[in-house]
Amino acid sequence: MTSEGTSIDATRPSIARVYDYLLGGKDNYAVDRDIGDVFKRDLPGSVAIAFANRAALTRAVAEIATTTDVDQFIDLGSGLPTADNVHQVAQRHVPEARVVYVDIDPQVLVHGRALLEENDRTRVIEADVRDPEAVYNHPDTRALIDFERPVAVMFSAVLHHVNDEEDPAGIVRYWRDRVPSGSYFFVSHFRSGDNPESTEAEQVLQKTFGRGRWRTDAEIAHLLDGLEILAPGVVPASLWRPQTSGKAWNDSGELELTVWEQLIAAGLARKT
């Protein structure tokens with residue numbers, strides 16, 4: 001989510017492009033790499049945060065597609081296309097699955113539309129996550145999503161870019177009130193570790209973009225008020241229903257996480 005408008009500005013950093021750079025993508029400019037390098041140099045676990053988040057999103061989409069009847073997804077603040085995008089994961093399991101991607105970054109829109117040009121069960125729309133009514137009422141959303149049937153609403157690494165005064169809980173509540181019972185909500189979010197790493201990372205984002213809010217597990221869970229938070233709750237993303245092969249385990253039989261992996265949380269909730 002950015003406020004860049006409709007034209008690509010290669011002189012100003014973009015949250016989506018910095019994230020793309022951290023994930024090893026090529027859809028970024030020098031100004032984005034400069035910011036990304038600050039994270040890589042001063043906060044060397046930032047790349048682990050990006051990959052832990054992406055892996056949790058992939059697992060959540062697969063979980064919804066394979067264990068529920070939900071076959072329509074809204075990916076809010078979707079970012080630049082990368083491996084295993086929501087539609088790819090969902091349609092791998094449910095070929096008729098429908099996905100609406102939402103972003104305001106012009107480069108996301110260009111690349112997303114090019115990727116999905118021949119996929120008639122996807123749309124990429126230009127809208128701001130902070131304006132949920134614009135997303136809900138967008139013609140492409142209404143054409144693809146049947147709000148009489150359950151929907152999966154994905155907030156992957158986007159609500160931490162919504163400052164407190166912009167009411168992130170109100171954004172989730174808007175969607176909660178407009179989807180039927182049986183709908184799912186996935187949230188991943190920067191997790192406050194009360195440590196120098198999270199404090200410094202928050203300062204870098206605020207200085208660069210004027211946004212970026214680390215929240216505690218309780219604050220993240222509060223975003224899902226009125227929904228049933230499913231097991232294992234709001235936990236570090238790497239611990240959210242992990243695929244355990246190749247992971248490090250401690251003597252207590254728990255996955256060992258780096259301090260960086262502990263700085264991104266994930267949770268899945270259902271509207272009952």
# chains A, B, ... in the order shown; residues from 1 in each chain; ligands from 1
$ select_by_dssp --residues "stretch 19-107 of chain A" --states "alpha helix (DSSP H)" --output "PyMOL selection string"
chain A and resi 19-22+30-42+46-67+86-93+106-107
$ write_last_selection --atoms "C-alpha atoms" --output "tab-separated table (two decimals), in the first residue's frame"
chain	number	residue	atom	x	y	z
A	19	TYR	CA	9.31	-6.12	-0.18
A	20	ASP	CA	9.90	-7.50	-3.67
A	21	TYR	CA	13.61	-6.75	-3.31
A	22	LEU	CA	13.81	-8.50	0.07
A	30	ALA	CA	17.66	1.78	-6.98
A	31	VAL	CA	15.69	3.86	-4.48
A	32	ASP	CA	13.90	0.70	-3.26
A	33	ARG	CA	17.15	-1.26	-3.07
A	34	ASP	CA	18.69	1.53	-1.02
A	35	ILE	CA	15.95	1.12	1.60
A	36	GLY	CA	16.08	-2.65	1.33
A	37	ASP	CA	19.83	-2.55	1.89
A	38	VAL	CA	19.30	-0.61	5.12
A	39	PHE	CA	17.21	-3.53	6.34
A	40	LYS	CA	19.69	-6.10	5.03
A	41	ARG	CA	22.68	-4.31	6.56
A	42	ASP	CA	21.29	-3.02	9.85
A	46	SER	CA	14.53	-8.75	7.53
A	47	VAL	CA	14.72	-11.19	4.63
A	48	ALA	CA	13.71	-14.01	6.99
A	49	ILE	CA	10.67	-11.95	8.04
A	50	ALA	CA	9.60	-11.53	4.39
A	51	PHE	CA	9.96	-15.22	3.60
A	52	ALA	CA	8.26	-16.36	6.83
A	53	ASN	CA	5.31	-14.12	6.01
A	54	ARG	CA	5.03	-15.34	2.43
A	55	ALA	CA	5.20	-18.97	3.49
A	56	ALA	CA	2.43	-18.47	6.07
A	57	LEU	CA	0.19	-16.84	3.44
A	58	THR	CA	0.76	-19.77	1.10
A	59	ARG	CA	-0.13	-22.27	3.83
A	60	ALA	CA	-3.26	-20.31	4.77
A	61	VAL	CA	-4.55	-20.21	1.19
A	62	ALA	CA	-3.89	-23.93	0.76
A	63	GLU	CA	-5.59	-24.65	4.09
A	64	ILE	CA	-8.70	-22.72	3.11
A	65	ALA	CA	-8.81	-24.20	-0.39
A	66	THR	CA	-8.40	-27.80	0.76
A	67	THR	CA	-10.36	-27.94	4.02
A	86	VAL	CA	-2.89	-16.48	-3.97
A	87	HIS	CA	-4.61	-17.47	-7.23
A	88	GLN	CA	-1.87	-19.97	-8.08
A	89	VAL	CA	-2.12	-21.71	-4.72
A	90	ALA	CA	-5.92	-21.64	-4.62
A	91	GLN	CA	-6.44	-22.73	-8.24
A	92	ARG	CA	-3.90	-25.51	-7.83
A	93	HIS	CA	-6.36	-27.12	-5.42
A	106	PRO	CA	0.94	1.44	-9.94
A	107	GLN	CA	3.72	-1.08	-10.56
$ select_by_dssp --residues "stretch 40-200 of chain A" --states "strand (DSSP E or B)" --output "number ranges by chain"
A: 72-76, 98-103, 122-126, 152-156, 184-191
$ residues_around --residues "A:Val99" --least-positions-apart "6" --cutoff "12 Å" --atoms "only C-alpha atoms" --output "ChimeraX atom specification"
/A:61,65,70-76,78,85-91,112,116,119-125,140-146,151-154
$ closest_residue --among "A:Asp131, A:Asp225, A:Glu117, A:Asp103" --to "A:Arg270" --atoms "only C-alpha atoms"
A:Asp225
$ atom_distance --atom1 "atom CA of A:Gly233" --atom2 "atom CA of A:Val135"
27.5 Å
$ closest_residue --among "A:Asp105, A:Tyr174, A:Thr68, A:Arg113" --to "A:Ala10" --atoms "only C-alpha atoms"
A:Asp105
$ atom_distance --atom1 "atom CA of A:Lys207" --atom2 "atom CA of A:Leu23"
21.7 Å
$ closest_residue --among "A:Arg241, A:Arg98, A:Lys271, A:His189" --to "A:Ala221" --atoms "only C-alpha atoms"
A:His189
